[in-house]
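Below: data15.pdb (PDB, C-alpha atoms)
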MODEL        1
ATOM      1  CA  MET H   9     -21.369 -27.607 -29.295
ATOM      2  CA  SER H  10     -21.262 -24.235 -31.092
ATOM      3  CA  LEU H  11     -22.976 -21.053 -29.896
ATOM      4  CA  LEU H  12     -25.401 -21.313 -32.836
ATOM      5  CA  GLU H  13     -26.411 -24.802 -31.727
ATOM      6  CA  PHE H  14     -26.956 -23.519 -28.186
ATOM      7  CA  ASP H  15     -29.286 -20.850 -29.637
ATOM      8  CA  LYS H  16     -31.642 -23.602 -30.828
ATOM      9  CA  LEU H  17     -32.106 -24.968 -27.302
ATOM     10  CA  THR H  18     -34.202 -23.800 -24.374
ATOM     11  CA  GLU H  19     -32.567 -21.991 -21.459
ATOM     12  CA  GLU H  20     -32.957 -25.099 -19.317
ATOM     13  CA  GLU H  21     -31.330 -27.322 -21.970
ATOM     14  CA  ASN H  22     -28.483 -24.840 -22.406
ATOM     15  CA  LEU H  23     -27.837 -24.758 -18.670
ATOM     16  CA  HIS H  24     -27.859 -28.554 -18.452
ATOM     17  CA  LEU H  25     -25.267 -28.852 -21.251
ATOM     18  CA  PHE H  26     -23.222 -26.024 -19.756
ATOM     19  CA  MET H  27     -23.054 -27.716 -16.363
ATOM     20  CA  GLU H  28     -22.150 -31.040 -17.993
ATOM     21  CA  LYS H  29     -19.310 -29.280 -19.773
ATOM     22  CA  ILE H  30     -17.763 -27.725 -16.686
ATOM     23  CA  GLU H  31     -18.346 -30.850 -14.583
ATOM     24  CA  SER H  32     -16.289 -32.798 -17.140
ATOM     25  CA  GLY H  33     -13.427 -30.307 -16.789
ATOM     26  CA  GLU H  34     -13.870 -28.558 -20.129
ATOM     27  CA  LYS H  35     -13.106 -24.848 -20.302
ATOM     28  CA  ILE H  36     -15.609 -22.166 -21.172
ATOM     29  CA  GLU H  37     -14.324 -19.613 -23.688
ATOM     30  CA  ALA H  38     -15.376 -16.008 -24.230
ATOM     31  CA  ASP H  39     -17.606 -16.738 -27.222
ATOM     32  CA  ASP H  40     -19.285 -19.809 -25.681
ATOM     33  CA  TRP H  41     -22.835 -19.745 -24.357
ATOM     34  CA  MET H  42     -22.933 -19.155 -20.602
ATOM     35  CA  PRO H  43     -25.720 -18.426 -18.098
ATOM     36  CA  ASN H  44     -26.048 -14.790 -17.116
ATOM     37  CA  GLU H  45     -25.319 -15.633 -13.455
ATOM     38  CA  TYR H  46     -21.977 -17.141 -14.503
ATOM     39  CA  ARG H  47     -21.072 -14.166 -16.703
ATOM     40  CA  MET H  48     -21.934 -11.621 -14.005
ATOM     41  CA  ALA H  49     -20.031 -13.563 -11.325
ATOM     42  CA  LEU H  50     -16.955 -13.624 -13.573
ATOM     43  CA  ILE H  51     -17.209  -9.920 -14.400
ATOM     44  CA  LYS H  52     -17.486  -9.027 -10.721
ATOM     45  CA  LEU H  53     -14.627 -11.330  -9.674
ATOM     46  CA  ILE H  54     -12.145 -10.621 -12.470
ATOM     47  CA  SER H  55     -12.759  -6.865 -12.605
ATOM     48  CA  MET H  56     -12.238  -6.650  -8.823
ATOM     49  CA  HIS H  57      -9.076  -8.739  -9.161
ATOM     50  CA  GLY H  58      -7.764  -6.583 -12.014
ATOM     51  CA  ILE H  59      -8.500  -3.277 -10.293
ATOM     52  CA  SER H  60      -6.983  -4.618  -7.050
ATOM     53  CA  GLU H  61      -3.750  -5.379  -8.919
ATOM     54  CA  ILE H  62      -3.629  -1.770 -10.136
ATOM     55  CA  MET H  63      -4.639  -0.196  -6.823
ATOM     56  CA  GLY H  64      -2.375  -2.650  -4.993
ATOM     57  CA  ALA H  65       0.661  -1.182  -6.727
ATOM     58  CA  LEU H  66       0.046   2.221  -5.131
ATOM     59  CA  PRO H  67       1.134   1.485  -1.509
ATOM     60  CA  GLU H  68       4.436   0.081  -2.799
ATOM     61  CA  LYS H  69       4.818   2.819  -5.410
ATOM     62  CA  GLU H  70       5.078   5.219  -2.479
ATOM     63  CA  TRP H  71       8.244   3.357  -1.433
ATOM     64  CA  VAL H  72      10.101   3.432  -4.766
ATOM     65  CA  PRO H  73      11.839   6.762  -4.021
ATOM     66  CA  LYS H  74      12.264   5.912  -0.312
ATOM     67  CA  ALA H  75      13.638   2.360  -0.523
ATOM     68  CA  PRO H  76      16.917   2.101   1.443
ATOM     69  CA  THR H  77      19.246   0.992  -1.385
ATOM     70  CA  LEU H  78      19.396   1.138  -5.175
ATOM     71  CA  ARG H  79      18.870  -2.637  -5.352
ATOM     72  CA  ARG H  80      15.763  -2.350  -3.202
ATOM     73  CA  LYS H  81      14.481   0.531  -5.375
ATOM     74  CA  LEU H  82      14.910  -1.541  -8.529
ATOM     75  CA  GLY H  83      13.241  -4.550  -6.917
ATOM     76  CA  ILE H  84      10.149  -2.730  -5.716
ATOM     77  CA  MET H  85       9.902  -0.750  -8.959
ATOM     78  CA  ALA H  86       9.886  -3.997 -10.966
ATOM     79  CA  LYS H  87       7.174  -5.356  -8.660
ATOM     80  CA  VAL H  88       4.999  -2.269  -9.188
ATOM     81  CA  GLN H  89       5.410  -2.676 -12.944
ATOM     82  CA  ASP H  90       4.386  -6.346 -12.739
ATOM     83  CA  GLU H  91       1.258  -5.534 -10.737
ATOM     84  CA  MET H  92       0.162  -2.939 -13.273
ATOM     85  CA  GLY H  93       0.698  -5.501 -16.015
ATOM     86  CA  HIS H  94      -1.443  -8.032 -14.161
ATOM     87  CA  GLY H  95      -4.205  -5.455 -13.884
ATOM     88  CA  GLN H  96      -4.138  -4.702 -17.616
ATOM     89  CA  LEU H  97      -4.210  -8.417 -18.468
ATOM     90  CA  LEU H  98      -7.207  -9.057 -16.216
ATOM     91  CA  LEU H  99      -9.126  -6.027 -17.451
ATOM     92  CA  ARG H 100      -8.648  -7.346 -20.993
ATOM     93  CA  VAL H 101     -10.162 -10.672 -19.897
ATOM     94  CA  THR H 102     -13.066  -8.766 -18.312
ATOM     95  CA  GLU H 103     -13.648  -6.728 -21.477
ATOM     96  CA  ASP H 104     -14.400  -9.855 -23.486
ATOM     97  CA  LEU H 105     -17.039 -10.863 -20.945
ATOM     98  CA  MET H 106     -18.594  -7.389 -21.023
ATOM     99  CA  LYS H 107     -18.873  -7.049 -24.812
ATOM    100  CA  PRO H 108     -22.286  -8.778 -25.067
ATOM    101  CA  LEU H 109     -23.533  -6.281 -22.474
ATOM    102  CA  GLY H 110     -22.288  -3.330 -24.519
ATOM    103  CA  LYS H 111     -19.738  -2.290 -21.895
ATOM    104  CA  THR H 112     -16.033  -1.435 -22.217
ATOM    105  CA  ARG H 113     -12.903  -0.960 -20.111
ATOM    106  CA  GLU H 114     -13.774   2.732 -19.878
ATOM    107  CA  ASP H 115     -16.976   1.732 -18.073
ATOM    108  CA  LEU H 116     -14.895  -0.283 -15.584
ATOM    109  CA  MET H 117     -12.649   2.678 -14.844
ATOM    110  CA  GLU H 118     -15.670   4.920 -14.450
ATOM    111  CA  ASP H 119     -17.119   2.431 -11.960
ATOM    112  CA  LEU H 120     -13.850   2.485  -9.995
ATOM    113  CA  LEU H 121     -13.535   6.269  -9.934
ATOM    114  CA  THR H 122     -17.150   6.743  -8.861
ATOM    115  CA  GLY H 123     -16.913   4.095  -6.132
ATOM    116  CA  ARG H 124     -19.155   1.440  -7.699
ATOM    117  CA  LEU H 125     -16.312  -1.019  -8.341
ATOM    118  CA  LYS H 126     -14.621  -2.201  -5.153
ATOM    119  CA  PHE H 127     -11.055  -3.373  -4.647
ATOM    120  CA  HIS H 128      -9.375  -5.510  -1.977
ATOM    121  CA  ASN H 129      -9.526  -4.168   1.566
ATOM    122  CA  VAL H 130      -5.751  -4.391   2.057
ATOM    123  CA  PHE H 131      -5.099  -1.733  -0.578
ATOM    124  CA  HIS H 132      -7.097   0.875   1.300
ATOM    125  CA  MET H 133      -4.557   0.747   4.132
ATOM    126  CA  GLU H 134      -1.515   2.823   5.025
ATOM    127  CA  ALA H 135       2.086   1.654   4.519
ATOM    128  CA  PRO H 136       4.062   4.110   6.684
ATOM    129  CA  THR H 137       7.350   2.149   7.052
ATOM    130  CA  TRP H 138       9.730   0.026   5.021
ATOM    131  CA  GLY H 139       8.506  -2.863   7.162
ATOM    132  CA  ASP H 140       5.018  -2.368   5.695
ATOM    133  CA  ALA H 141       6.446  -2.498   2.165
ATOM    134  CA  GLY H 142       8.121  -5.829   2.957
ATOM    135  CA  LEU H 143       5.068  -7.237   4.682
ATOM    136  CA  ILE H 144       2.825  -6.431   1.712
ATOM    137  CA  GLY H 145       5.082  -8.544  -0.498
ATOM    138  CA  TRP H 146       5.476 -11.343   2.038
ATOM    139  CA  LEU H 147       2.020 -11.787   3.585
ATOM    140  CA  VAL H 148      -0.413  -9.864   1.373
ATOM    141  CA  ASP H 149       1.012 -11.360  -1.804
ATOM    142  CA  GLY H 150       1.243 -14.686   0.010
ATOM    143  CA  ALA H 151      -2.499 -14.489   0.713
ATOM    144  CA  ALA H 152      -3.127 -13.482  -2.906
ATOM    145  CA  ILE H 153      -1.197 -16.510  -4.179
ATOM    146  CA  MET H 154      -3.451 -18.771  -2.113
ATOM    147  CA  THR H 155      -6.638 -17.280  -3.548
ATOM    148  CA  GLN H 156      -5.298 -17.242  -7.094
ATOM    149  CA  THR H 157      -3.841 -20.760  -7.169
ATOM    150  CA  ASN H 158      -7.251 -21.889  -5.923
ATOM    151  CA  MET H 159      -8.569 -20.737  -9.317
ATOM    152  CA  LEU H 160      -5.837 -22.046 -11.610
ATOM    153  CA  GLN H 161      -8.260 -24.730 -12.778
ATOM    154  CA  ALA H 162     -11.151 -22.279 -13.124
ATOM    155  CA  SER H 163     -13.859 -23.329 -15.553
ATOM    156  CA  TYR H 164     -13.437 -20.061 -17.477
ATOM    157  CA  GLY H 165     -10.454 -20.648 -19.756
ATOM    158  CA  PRO H 166      -9.221 -17.056 -20.321
ATOM    159  CA  TYR H 167      -9.067 -16.400 -16.574
ATOM    160  CA  ALA H 168      -7.360 -19.711 -15.809
ATOM    161  CA  ARG H 169      -4.694 -19.016 -18.461
ATOM    162  CA  ALA H 170      -4.113 -15.463 -17.220
ATOM    163  CA  LEU H 171      -3.658 -16.801 -13.687
ATOM    164  CA  GLN H 172      -0.881 -19.144 -14.848
ATOM    165  CA  ARG H 173       1.312 -16.151 -15.629
ATOM    166  CA  ILE H 174       0.143 -14.011 -12.715
ATOM    167  CA  CYS H 175       0.741 -16.702 -10.079
ATOM    168  CA  ALA H 176       4.241 -17.418 -11.402
ATOM    169  CA  GLU H 177       5.162 -13.737 -11.025
ATOM    170  CA  GLU H 178       3.457 -13.411  -7.642
ATOM    171  CA  VAL H 179       5.764 -16.108  -6.272
ATOM    172  CA  PHE H 180       8.709 -13.809  -7.024
ATOM    173  CA  HIS H 181       6.858 -10.923  -5.377
ATOM    174  CA  ALA H 182       6.354 -12.940  -2.197
ATOM    175  CA  GLN H 183      10.035 -13.893  -2.182
ATOM    176  CA  HIS H 184      10.946 -10.233  -2.658
ATOM    177  CA  GLY H 185       8.842  -9.268   0.377
ATOM    178  CA  GLU H 186      10.198 -12.143   2.442
ATOM    179  CA  ALA H 187      13.755 -11.030   1.696
ATOM    180  CA  ILE H 188      12.975  -7.553   3.031
ATOM    181  CA  ILE H 189      11.351  -8.958   6.180
ATOM    182  CA  MET H 190      14.229 -11.398   6.803
ATOM    183  CA  ALA H 191      16.787  -8.600   6.519
ATOM    184  CA  LEU H 192      14.861  -6.441   8.984
ATOM    185  CA  ALA H 193      14.148  -9.313  11.392
ATOM    186  CA  GLU H 194      17.883 -10.111  11.538
ATOM    187  CA  GLY H 195      18.807  -6.443  11.966
ATOM    188  CA  THR H 196      18.751  -3.988  14.851
ATOM    189  CA  LYS H 197      16.117  -3.844  17.572
ATOM    190  CA  GLU H 198      14.632  -0.830  15.825
ATOM    191  CA  GLN H 199      14.306  -2.818  12.601
ATOM    192  CA  ARG H 200      12.770  -5.825  14.358
ATOM    193  CA  ASP H 201      10.308  -3.528  16.105
ATOM    194  CA  MET H 202       9.428  -2.055  12.708
ATOM    195  CA  VAL H 203       8.469  -5.510  11.437
ATOM    196  CA  GLN H 204       6.435  -6.308  14.551
ATOM    197  CA  ASP H 205       4.585  -2.998  14.238
ATOM    198  CA  ALA H 206       3.793  -3.838  10.612
ATOM    199  CA  VAL H 207       2.459  -7.278  11.576
ATOM    200  CA  ASN H 208       0.295  -5.698  14.282
ATOM    201  CA  ARG H 209      -1.013  -3.099  11.858
ATOM    202  CA  TRP H 210      -1.790  -5.503   9.012
ATOM    203  CA  TRP H 211      -3.128  -8.541  10.879
ATOM    204  CA  PRO H 212      -6.845  -7.565  10.859
ATOM    205  CA  SER H 213      -6.607  -6.686   7.165
ATOM    206  CA  LEU H 214      -4.972 -10.032   6.389
ATOM    207  CA  LEU H 215      -7.833 -11.864   8.104
ATOM    208  CA  MET H 216     -10.337  -9.827   6.103
ATOM    209  CA  PHE H 217      -8.476 -10.451   2.835
ATOM    210  CA  PHE H 218     -10.190 -13.800   2.254
ATOM    211  CA  GLY H 219     -13.662 -12.454   2.945
ATOM    212  CA  PRO H 220     -16.228 -13.580   5.513
ATOM    213  CA  ALA H 221     -16.750 -17.260   6.245
ATOM    214  CA  THR H 222     -20.469 -17.154   5.513
ATOM    215  CA  ALA H 223     -22.684 -15.168   3.184
ATOM    216  CA  SER H 224     -24.773 -13.915   6.110
ATOM    217  CA  THR H 225     -21.860 -11.790   7.336
ATOM    218  CA  THR H 226     -22.104  -9.429   4.370
ATOM    219  CA  GLY H 227     -25.247 -10.584   2.631
ATOM    220  CA  SER H 228     -23.191 -11.902  -0.299
ATOM    221  CA  SER H 229     -23.317 -15.354  -1.848
ATOM    222  CA  LYS H 230     -20.472 -14.777  -4.317
ATOM    223  CA  GLN H 231     -18.350 -17.599  -2.938
ATOM    224  CA  ASP H 232     -21.255 -20.041  -3.291
ATOM    225  CA  ILE H 233     -21.800 -19.056  -6.928
ATOM    226  CA  THR H 234     -18.110 -19.305  -7.840
ATOM    227  CA  ILE H 235     -17.850 -22.755  -6.248
ATOM    228  CA  LYS H 236     -21.074 -23.876  -7.934
ATOM    229  CA  TYR H 237     -19.650 -22.996 -11.348
ATOM    230  CA  LYS H 238     -16.184 -24.385 -10.584
ATOM    231  CA  ILE H 239     -14.461 -21.020 -10.811
ATOM    232  CA  ARG H 240     -12.871 -21.769  -7.449
ATOM    233  CA  SER H 241     -12.705 -24.887  -5.303
ATOM    234  CA  LYS H 242     -12.223 -23.684  -1.713
ATOM    235  CA  THR H 243     -14.306 -21.482   0.572
ATOM    236  CA  ASN H 244     -13.088 -18.250   2.147
ATOM    237  CA  GLU H 245     -12.569 -19.972   5.487
ATOM    238  CA  GLU H 246     -10.645 -22.885   3.980
ATOM    239  CA  LEU H 247      -8.279 -20.407   2.322
ATOM    240  CA  ARG H 248      -7.857 -18.478   5.573
ATOM    241  CA  GLN H 249      -7.023 -21.692   7.425
ATOM    242  CA  ASP H 250      -4.452 -22.574   4.733
ATOM    243  CA  PHE H 251      -2.912 -19.130   5.187
ATOM    244  CA  PHE H 252      -2.612 -19.660   8.945
ATOM    245  CA  SER H 253      -1.010 -23.089   8.497
ATOM    246  CA  LYS H 254       1.619 -21.734   6.147
ATOM    247  CA  TYR H 255       2.421 -18.348   7.661
ATOM    248  CA  VAL H 256       1.773 -18.453  11.413
ATOM    249  CA  PRO H 257       4.744 -20.820  12.001
ATOM    250  CA  ARG H 258       6.931 -18.625   9.765
ATOM    251  CA  ILE H 259       5.965 -15.449  11.618
ATOM    252  CA  LEU H 260       6.706 -17.066  14.983
ATOM    253  CA  SER H 261      10.024 -18.504  13.759
ATOM    254  CA  LEU H 262      11.281 -14.936  13.257
ATOM    255  CA  GLY H 263      10.643 -14.148  16.914
ATOM    256  CA  LEU H 264       7.557 -12.124  16.049
ATOM    257  CA  THR H 265       4.212 -12.411  17.795
ATOM    258  CA  ILE H 266       0.682 -12.712  16.417
ATOM    259  CA  PRO H 267      -1.495  -9.845  17.704
ATOM    260  CA  ASP H 268      -4.217 -12.261  18.798
ATOM    261  CA  PRO H 269      -3.877 -13.886  22.241
ATOM    262  CA  THR H 270      -6.686 -16.325  21.435
ATOM    263  CA  MET H 271      -4.940 -17.840  18.439
ATOM    264  CA  LYS H 272      -4.034 -21.530  18.636
ATOM    265  CA  TYR H 273      -4.204 -24.704  16.597
ATOM    266  CA  ASP H 274      -6.904 -27.133  17.695
ATOM    267  CA  GLU H 275      -5.590 -30.675  17.182
ATOM    268  CA  GLU H 276      -9.060 -32.151  17.560
ATOM    269  CA  THR H 277     -10.773 -30.082  14.848
ATOM    270  CA  GLU H 278      -7.516 -29.593  12.881
ATOM    271  CA  GLU H 279      -8.333 -25.909  12.555
ATOM    272  CA  TRP H 280      -6.896 -22.642  13.810
ATOM    273  CA  ILE H 281      -8.916 -20.828  16.444
ATOM    274  CA  TYR H 282      -8.655 -17.055  16.088
ATOM    275  CA  GLN H 283     -10.415 -13.816  16.913
ATOM    276  CA  GLN H 284     -12.770 -12.703  14.140
ATOM    277  CA  PRO H 285     -12.039  -9.286  12.629
ATOM    278  CA  ASP H 286     -14.681  -6.561  12.633
ATOM    279  CA  TRP H 287     -16.679  -7.380   9.492
ATOM    280  CA  ASN H 288     -18.593  -4.106   9.750
ATOM    281  CA  GLU H 289     -15.233  -2.371   9.492
ATOM    282  CA  PHE H 290     -14.460  -4.539   6.452
ATOM    283  CA  LYS H 291     -17.629  -3.332   4.706
ATOM    284  CA  ARG H 292     -16.801   0.257   5.622
ATOM    285  CA  ILE H 293     -13.270  -0.028   4.189
ATOM    286  CA  ILE H 294     -14.185  -1.639   0.872
ATOM    287  CA  SER H 295     -16.927   0.974   0.446
ATOM    288  CA  GLY H 296     -14.169   3.577   0.127
ATOM    289  CA  ASN H 297     -13.822   4.637   3.747
ATOM    290  CA  GLY H 298     -10.408   3.153   4.576
ATOM    291  CA  PRO H 299      -7.437   5.215   5.787
ATOM    292  CA  LYS H 300      -6.072   5.783   2.263
ATOM    293  CA  SER H 301      -9.117   5.008   0.096
ATOM    294  CA  GLN H 302      -9.836   8.475  -1.216
ATOM    295  CA  ASN H 303      -6.174   9.436  -1.492
ATOM    296  CA  ARG H 304      -5.474   6.480  -3.774
ATOM    297  CA  LEU H 305      -8.661   6.961  -5.754
ATOM    298  CA  ASP H 306      -7.681  10.596  -6.266
ATOM    299  CA  LEU H 307      -4.344   9.417  -7.679
ATOM    300  CA  ARG H 308      -6.197   7.188 -10.141
ATOM    301  CA  ARG H 309      -8.609   9.995 -11.062
ATOM    302  CA  THR H 310      -5.703  12.340 -11.758
ATOM    303  CA  ALA H 311      -3.815   9.746 -13.800
ATOM    304  CA  HIS H 312      -6.972   8.819 -15.724
ATOM    305  CA  GLU H 313      -7.653  12.447 -16.651
ATOM    306  CA  ASN H 314      -4.029  13.370 -17.420
ATOM    307  CA  ASN H 315      -3.695  10.409 -19.789
ATOM    308  CA  ARG H 316      -7.022  10.866 -21.527
ATOM    309  CA  TRP H 317      -5.259  12.291 -24.589
ATOM    310  CA  VAL H 318      -3.276   9.044 -24.998
ATOM    311  CA  ARG H 319      -6.434   6.926 -25.026
ATOM    312  CA  GLU H 320      -8.113   9.282 -27.480
ATOM    313  CA  ALA H 321      -5.067   9.292 -29.776
ATOM    314  CA  LEU H 322      -4.900   5.486 -29.754
ATOM    315  CA  SER H 323      -8.628   5.268 -30.470
ATOM    316  CA  LYS H 324      -8.327   7.615 -33.476
ATOM    317  CA  SER H 325      -5.277   5.726 -34.718
ATOM    318  CA  SER H 326      -7.113   2.394 -34.624
ATOM    319  CA  GLN H 327     -10.065   3.900 -36.512
ATOM    320  CA  VAL H 328      -7.745   5.175 -39.284
ATOM    321  CA  MET H 329      -6.092   1.763 -39.603
TER     322      MET H 329
ENDMDL
END
Re-express the file's structure as structure tokens.
Amino acid sequence: MSLLEFDKLTEEENLHLFMEKIESGEKIEADDWMPNEYRMALIKLISMHGISEIMGALPEKEWVPKAPTLRRKLGIMAKVQDEMGHGQLLLRVTEDLMKPLGKTREDLMEDLLTGRLKFHNVFHMEAPTWGDAGLIGWLVDGAAIMTQTNMLQASYGPYARALQRICAEEVFHAQHGEAIIMALAEGTKEQRDMVQDAVNRWWPSLLMFFGPATASTTGSSKQDITIKYKIRSKTNEELRQDFFSKYVPRILSLGLTIPDPTMKYDEETEEWIYQQPDWNEFKRIISGNGPKSQNRLDLRRTAHENNRWVREALSKSSQVM
């Protein structure tokens, strides 16, 4: 049914047809009718994802000049470039959703630089060693793959198609990080200790990556809305449990330890038991109060201002054409 035909129906009739469409597995496109709740949930989700890809490149960017070999420099530089590309792709998808609201990509960047648009908690953290750089690729990107593959069949077509490319490249990123960790874990005691320190440092952030199990923890019902509209299929806790099942055995197989003495697999419930992270700390971090939050935002502010002339030149060029 065309958008014009939807305009002839009541809001209730539109919503009924919309839900029938997504329940049948059809994709929603940018110019299709959609309820405002669906549009706003997509804008919030995809803009956060896109900005997180861009901000997520910054911890590893710090390691491009410090990587131990030329091959490692080239590898991490290519990864940084990929992440920036993912961010641009996702912001383009978000722009289409924002057009009916009269908003642009410039509004998104303004929201980021003024602190209104949040990005993933993990990218507010420090990466002081080469072990951190490897762990970001191995475990942080591993966690990202789990959340993103969960949305490969998202009801919103442009996002689902963008994720096809992004997930394929993220697999290479995870392999890149794993290769760094394997080399360090098989190295000297100092190198193995470096990896263990990185695991200890990043474990709480990895638990927080998937978000709280219930809406009451943060007062948010975003996961309920995205499941309702078939943007995603699994809850935060289901994704976290999948992460444990895949990565805890791998971490232990390298002779590393999990910094949580309570952690174990319960055969009866078929779930991992673990110590909850500090969700108040999570809210504090994503509000721009993490160890590197303002430093990385300052980098984006500087880059945004220094490259203003490029955006203005491109805008004038497009107007002339």
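Take atom CA of Leu147 of chain H and atom CA of Leu171 of chain H: the distance between them is 18.9 Å.
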Problem - Long-range neighbours of Ala176 of chain H as a count of residues only, 10 Å cut-off, all atoms listed in the file, 4 positions minimum in chain - result: 6
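The smallest atom-to-atom distance between Ala141 of chain H and any of H:Glu320, H:Lys74, H:Ser55, H:Asp274, using all atoms listed in the file, is found for H:Lys74.
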Exercise for the section: Pick out the residues sitting within 10 Å of Gly58 of chain H, and hand them over as number ranges by chain; count all atoms listed in the file, and ignore anything fewer than 6 positions along from it in its own chain. Expected result: H: 64, 91-102, 127
Exercise for the section: Would you kindly return, as an NGL selection string, each protein, DNA or RNA residue with an atom no farther than 8 Å from any atom of segment 297-314 of chain H, considering all atoms listed in the file and excluding same-chain residues fewer than 5 positions away? Expected result: :H and (63 or 66 or 121 or 129 or 131-134 or 292)
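Here atom CA of Val179 of chain H and atom CA of Glu246 of chain H stand 20.5 Å from one another.
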Practice task
Give as a VMD selection string the residues that the PyMOL selection byres ((chain H and resi 39) around 9) matches when applied to the coordinates above.
Solution key: chain H and resid 11 36 to 38 40 to 42 104 to 105
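Contact shell of Pro73 of chain H at 12 Å (only C-alpha atoms; same-chain neighbours under 3 positions omitted): Glu68, Lys69, Glu70, Pro76, Thr77, Leu78, Arg79, Arg80, Lys81, Leu82, Gly83, Ile84, Met85 and Trp138 of chain H.
Computed from the coordinates, the atom CA of Gly263 of chain H to atom CA of Phe218 of chain H distance equals 25.5 Å.
With distances restricted to all atoms listed in the file, H:His57 is the closest residue to Ile174 of chain H from H:Val256, H:His57, H:Ala49, H:Thr196.
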